[in-house]
Every structure is written in structure tokens, then in C-alpha cells.
Amino acid sequence: MINNKIKYTNLIKTEAKRLGFLSCGISKAQFLEEEAPRLETWLNKNMNGQMQYMENHFDMRLDPTKLVEDSKSVISLLLNYYPEEIQNENAFKMSKYAYGHDYHHVIKSKLKALMHCIQNEIGEVSGRAFVDSAPVLDKAWAAKSGLGWIGKHSNLLTQQVGSFYFIAELIIDLDLEYDSATTDHCGTCTACIDACPTEAIVEPYVVDGSKCISYLTIELKENMPTAFKGKMDDWMFGCDVCQDVCPWNRFSKPHNEPLFNPHPELLSMTKKDWEDITEDVFKKVFQKSAVKRTKYSGLKRNINFLKE
């Protein structure tokens with residue numbers, strides 16, 4: 001007779017694939033021993049900049065059993081967002097992940113569907129869904145679950161796939177079959193370190209968040225530090241440089257999630273269009289986008305800084 005753990009694990013992975021996830025890996029919910037000292041050092045060096053929330057819930061961030069009562073398993077899922085087309089070459093740039101609808105909403109509904117399937121097929125299973133929310137070290141869990149390794153740019157990398165995907169989790173109170181971590185395939189490559197416009201990758205596998213263009217254009221709420229003038233490489237929202245230069249991303253294939261397709265106007269907009277953008281156009285183009293997080297005023301601040 002087939003072991004229930006294997007049966008349930010296969011069911012979850014099959015349903016994840018049906019829902020459009022790129023891959024699914026599972027780990028035992030327990031304290032992340034290796035990550036604890038790394039996170040502590042990173043915070044002590046103030047590499048979180050103004051992201052004070054990174055200092056909160058330190059124990060929960062490292063131990064899902066403190067976050068979700070009676071949790072047994074962390075199900076990690078990847079969802080591709082690599083676009084078929086990219087922006088006009090003569091434009092201020094934004095991260096590819098923000099081209100379409102806000103990923104939080106798109107993935108949350110898929111996670112709800114997965115949880116619903118688990119409860120329907122298996123019975124009384126409790127848990128919580130996480131999409132870049134709450135104190136969960138998603139890259140660490142995805143690596144632990146064998147979905148890839150954490151590259152020198154601190155993003156998760158997967159052979160034959162690259163890194164243009166979102167990571168999400170379901171943490172549940174059900175024992176499952178657990179996957180093993182994969183090996184690191186960065187080798188001697190330093191493409192991401194060499195290409196970073198603000199030298200935010202201070203050493204292999206360590207990113208100073210306070211120097212990262214994604215942090216500066218999204219998380220930083222005050223004026224841009226003048227030290228970064230001329231170093232932003234025309235990025236107005238987020239930054240993909242370390243991913244764009246990574247050799248593993250030559251394997252990236254376009255996603256098949258219609259909600260991630262960009263607003264028709266977005267790809268054709270030029271620098272002049274972005275400089276002249278009105279609040280009405282901003283609302284129309286980014287109505288359901290993650291770019292709303294920076295607000296019209298934040299995007300204008302970023303564009304004006306790039307123009308100076």
C-alpha cells in the first residue's frame with residue numbers, strides 16, 4: 001500500500017503544476033540554523049537600510065513553528081514572470097516582475113486554490129499562505145526544498161530556468177516527504193558582482209540592501225542620497241541588472257500567466273513619456289500593478305533623480 005506521506009506529497013506537487021507553478025519543493029518546518037548568524041550579521045551591519053521590518057520578529061523569521069501553530073511542512077513554490085517582450089530601449093526602466101498585475105494578488109489566489117485542494121482531498125489540514133509577506137525567509141526555504149541555490153547576487157537560481165520567478169509558501173500542519181537541497185552552480189562567475197551599478201553586492205552572496213537600486217527606488221521614502229547620482233543606470237522602479245547578466249538566465253522562457261502581461265502602453269513609453277507622466281496615466285497604466293506601492297509621487301521622485 002502506498003505510504004500516505006508519498007501520496008499526499010504527489011497530490012500537492014501535481015496540483016501545484018496544474019495551477020501553473022513552475023515547481024514545488026517541500027521542507028520540514030524547523031529552525032533555520034545556518035541562516036540565523038547570517039541574518040544577525042546582515043542586520044548588525046545595517047544592510048537593511050530603512051527596512052526596519054527586517055529587524056522585527058527575528059525568531060519567527062527563522063522558525064516557522066513560531067509563525068504557524070503546529071506546522072510540520074513548508075511547501076515552497078515558484079511562479080515564472082519572465083516577459084515575452086521588454087520595454088522600449090529608450091525608456092526609464094522598471095523591473096520585469098512589475099510589468100503586469102501585482103503578484104501578491106495573483107499568487108495568493110493560486111495558494112488559496114492549492115490549500116482548498118489539500119483540505120478537500122486530504123481532510124483537516126491547517127496552515128497559512130505567504131507571498132513575500134510576514135517574516136518568512138522564502139529564498140532560504142526554496143533552497144532547502146531543492147528548488148535552486150542562492151546565487152552570489154542573493155537571488156534563488158535554478159539550472160535550466162534562471163531566476164525570473166516569484167517564490168511563495170504554504171506552511172501547513174501535515175507531515176510530507178521532504179526534498180533535499182541542491183548544490184551551488186555559480187562557480188567562479190562574478191558577472192552579477194561586476195555589473196551591479198551601485199556596487200551593492202559587497203561580497204559573494206552578500207547584498208547591502210541600503211545600496212541596492214530596488215531598495216532606493218521602492219523602499220526608501222526620503223530623497224535619494226546624492227552619492228548615487230549617475231549610478232542608477234536609468235532604473236526608476238526596481239532593478240534587474242544582476243539577473244540580466246546572470247548566465248543561467250539565458251534559459252529563461254516567457255511565462256504563460258495572462259495577468260502578468262503588461263498594460264499595452266507600458267512597453268512603448270519613452271523617456272519623454274515617463275518624464276511627462278500625469279497622475280491619471282499613472283493610475284491607468286499601474287491600476288493593478290505592484291508599482292502602486294511607490295505611488296505617483298515616488299515614481300516622479302525617481303524619474304527626476306535620473307534626469308538630474
# chains A, B, ... in the order shown; residues from 1 in each chain; ligands from 1
>>> residues_around(residues="Gln243 in chain A", least_positions_apart="3", cutoff="8 Å", atoms="only C-alpha atoms", output="PyMOL selection string")
chain A and resi 163-164+192+240+246+249
>>> closest_atom_pairs(of="range 148-209 of chain A", to="range 114-129 of chain A", cutoff="10 Å", atoms="only C-alpha atoms", output="tab-separated table")
residue	atom	partner	partner_atom	distance
A:Ala168	CA	A:Ala129	CA	7.7
A:Glu169	CA	A:Ala129	CA	5.8
A:Leu170	CA	A:Ala129	CA	4.5
A:Ile171	CA	A:Gly127	CA	5.3
A:Ile172	CA	A:Gly127	CA	4.0
A:Asp173	CA	A:Ser126	CA	5.7
A:Leu174	CA	A:Val125	CA	6.6
>>> residues_around(residues="range 33-49 of chain A", least_positions_apart="4", cutoff="12 Å", atoms="only C-alpha atoms", output="MDAnalysis selection string")
chainID A and resid 29 53:56 58:63 136:141 143:144 150 200:202 205:212 214:216 219:222
>>> residues_around(residues="Lys229 in chain A", least_positions_apart="6", cutoff="8 Å", atoms="only C-alpha atoms", output="VMD selection string")
chain A and resid 305 to 306 308
>>> closest_residue(among="A:Lys110, A:Arg301, A:Lys13, A:Lys72", to="Asn223 in chain A", atoms="only C-alpha atoms")
A:Arg301
>>> residues_around(residues="Pro247 in chain A", least_positions_apart="6", cutoff="9 Å", atoms="only C-alpha atoms", output="list in words")
Gly162, Cys189 and Ala191 of chain A
>>> write_last_selection(atoms="N, CA and C atoms", output="mmCIF file, in the first residue's frame")
data_model
loop_
_atom_site.group_PDB
_atom_site.id
_atom_site.type_symbol
_atom_site.label_atom_id
_atom_site.label_comp_id
_atom_site.auth_asym_id
_atom_site.auth_seq_id
_atom_site.Cartn_x
_atom_site.Cartn_y
_atom_site.Cartn_z
ATOM 1 N N GLY A 162 16.866 29.694 -14.522
ATOM 2 C CA GLY A 162 17.317 31.040 -14.185
ATOM 3 C C GLY A 162 16.719 31.524 -12.874
ATOM 4 N N CYS A 189 32.103 32.407 -11.512
ATOM 5 C CA CYS A 189 31.449 33.549 -12.176
ATOM 6 C C CYS A 189 31.222 34.705 -11.197
ATOM 7 N N ALA A 191 29.770 37.711 -12.661
ATOM 8 C CA ALA A 191 29.056 38.644 -13.563
ATOM 9 C C ALA A 191 28.163 39.607 -12.799
#
>>> atom_distance(atom1="CA of Gly230 in chain A", atom2="CA of Ile277 in chain A")
21.9 Å
>>> select_by_dssp(residues="range 8-98 of chain A", states="helix (DSSP H, G or I)", output="number ranges by chain")
A: 8-18, 35-44, 52-55, 58-62, 64-67, 96-98
>>> write_last_selection(atoms="C-alpha atoms", output="PDB file, in the first residue's frame")
ATOM      1  CA  TYR A   8      -0.124  13.466  -0.220  1.00  0.00           C
ATOM      2  CA  THR A   9       3.181  14.885  -1.461  1.00  0.00           C
ATOM      3  CA  ASN A  10       2.465  13.720  -5.019  1.00  0.00           C
ATOM      4  CA  LEU A  11      -1.038  15.163  -4.827  1.00  0.00           C
ATOM      5  CA  ILE A  12       0.281  18.585  -3.735  1.00  0.00           C
ATOM      6  CA  LYS A  13       3.001  18.694  -6.402  1.00  0.00           C
ATOM      7  CA  THR A  14       0.580  17.632  -9.155  1.00  0.00           C
ATOM      8  CA  GLU A  15      -1.960  20.289  -8.146  1.00  0.00           C
ATOM      9  CA  ALA A  16       0.772  22.956  -7.920  1.00  0.00           C
ATOM     10  CA  LYS A  17       1.763  22.176 -11.503  1.00  0.00           C
ATOM     11  CA  ARG A  18      -1.884  22.292 -12.632  1.00  0.00           C
ATOM     12  CA  GLU A  35      20.627  31.385   8.250  1.00  0.00           C
ATOM     13  CA  ALA A  36      20.439  32.678  11.854  1.00  0.00           C
ATOM     14  CA  PRO A  37      24.037  34.007  12.144  1.00  0.00           C
ATOM     15  CA  ARG A  38      23.949  35.352   8.563  1.00  0.00           C
ATOM     16  CA  LEU A  39      20.770  37.327   9.196  1.00  0.00           C
ATOM     17  CA  GLU A  40      22.103  38.641  12.509  1.00  0.00           C
ATOM     18  CA  THR A  41      25.365  39.838  10.907  1.00  0.00           C
ATOM     19  CA  TRP A  42      23.489  41.460   7.996  1.00  0.00           C
ATOM     20  CA  LEU A  43      21.205  43.358  10.387  1.00  0.00           C
ATOM     21  CA  ASN A  44      24.093  44.371  12.669  1.00  0.00           C
ATOM     22  CA  GLN A  52      13.101  48.289   9.878  1.00  0.00           C
ATOM     23  CA  TYR A  53      10.576  45.485   9.491  1.00  0.00           C
ATOM     24  CA  MET A  54      13.540  43.171   8.775  1.00  0.00           C
ATOM     25  CA  GLU A  55      14.575  43.601  12.421  1.00  0.00           C
ATOM     26  CA  PHE A  58      13.714  37.671  14.402  1.00  0.00           C
ATOM     27  CA  ASP A  59      12.743  34.304  15.933  1.00  0.00           C
ATOM     28  CA  MET A  60       9.653  33.891  13.750  1.00  0.00           C
ATOM     29  CA  ARG A  61      11.705  34.716  10.655  1.00  0.00           C
ATOM     30  CA  LEU A  62      13.959  31.753  11.392  1.00  0.00           C
ATOM     31  CA  PRO A  64       8.088  28.663  11.011  1.00  0.00           C
ATOM     32  CA  THR A  65       6.785  26.689  14.002  1.00  0.00           C
ATOM     33  CA  LYS A  66       6.682  30.028  15.873  1.00  0.00           C
ATOM     34  CA  LEU A  67       4.794  31.609  12.979  1.00  0.00           C
ATOM     35  CA  LYS A  96      10.146  42.893 -15.185  1.00  0.00           C
ATOM     36  CA  TYR A  97       8.254  41.500 -12.200  1.00  0.00           C
ATOM     37  CA  ALA A  98       6.187  44.704 -12.085  1.00  0.00           C
TER      38      ALA A  98
END
>>> atom_distance(atom1="CA of Ala113 in chain A", atom2="CA of Leu77 in chain A")
13.3 Å
>>> closest_residue(among="A:Thr270, A:Gln159, A:Asn261, A:Ser289", to="Glu85 in chain A", atoms="only C-alpha atoms")
A:Asn261
>>> select_by_dssp(residues="range 11-244 of chain A", states="strand (DSSP E or B)", output="JSON, numbers by chain")
{"A": [23, 24, 25, 26, 27, 28, 73, 74, 75, 76, 77, 78, 79, 80, 93, 94, 127, 128, 129, 130, 149, 150, 156, 157, 158, 162, 165, 166, 167, 168, 169, 170, 171, 172, 201, 202, 203, 206, 207, 235, 236, 237]}
>>> atom_distance(atom1="CA of Ile218 in chain A", atom2="CA of Phe237 in chain A")
6.5 Å
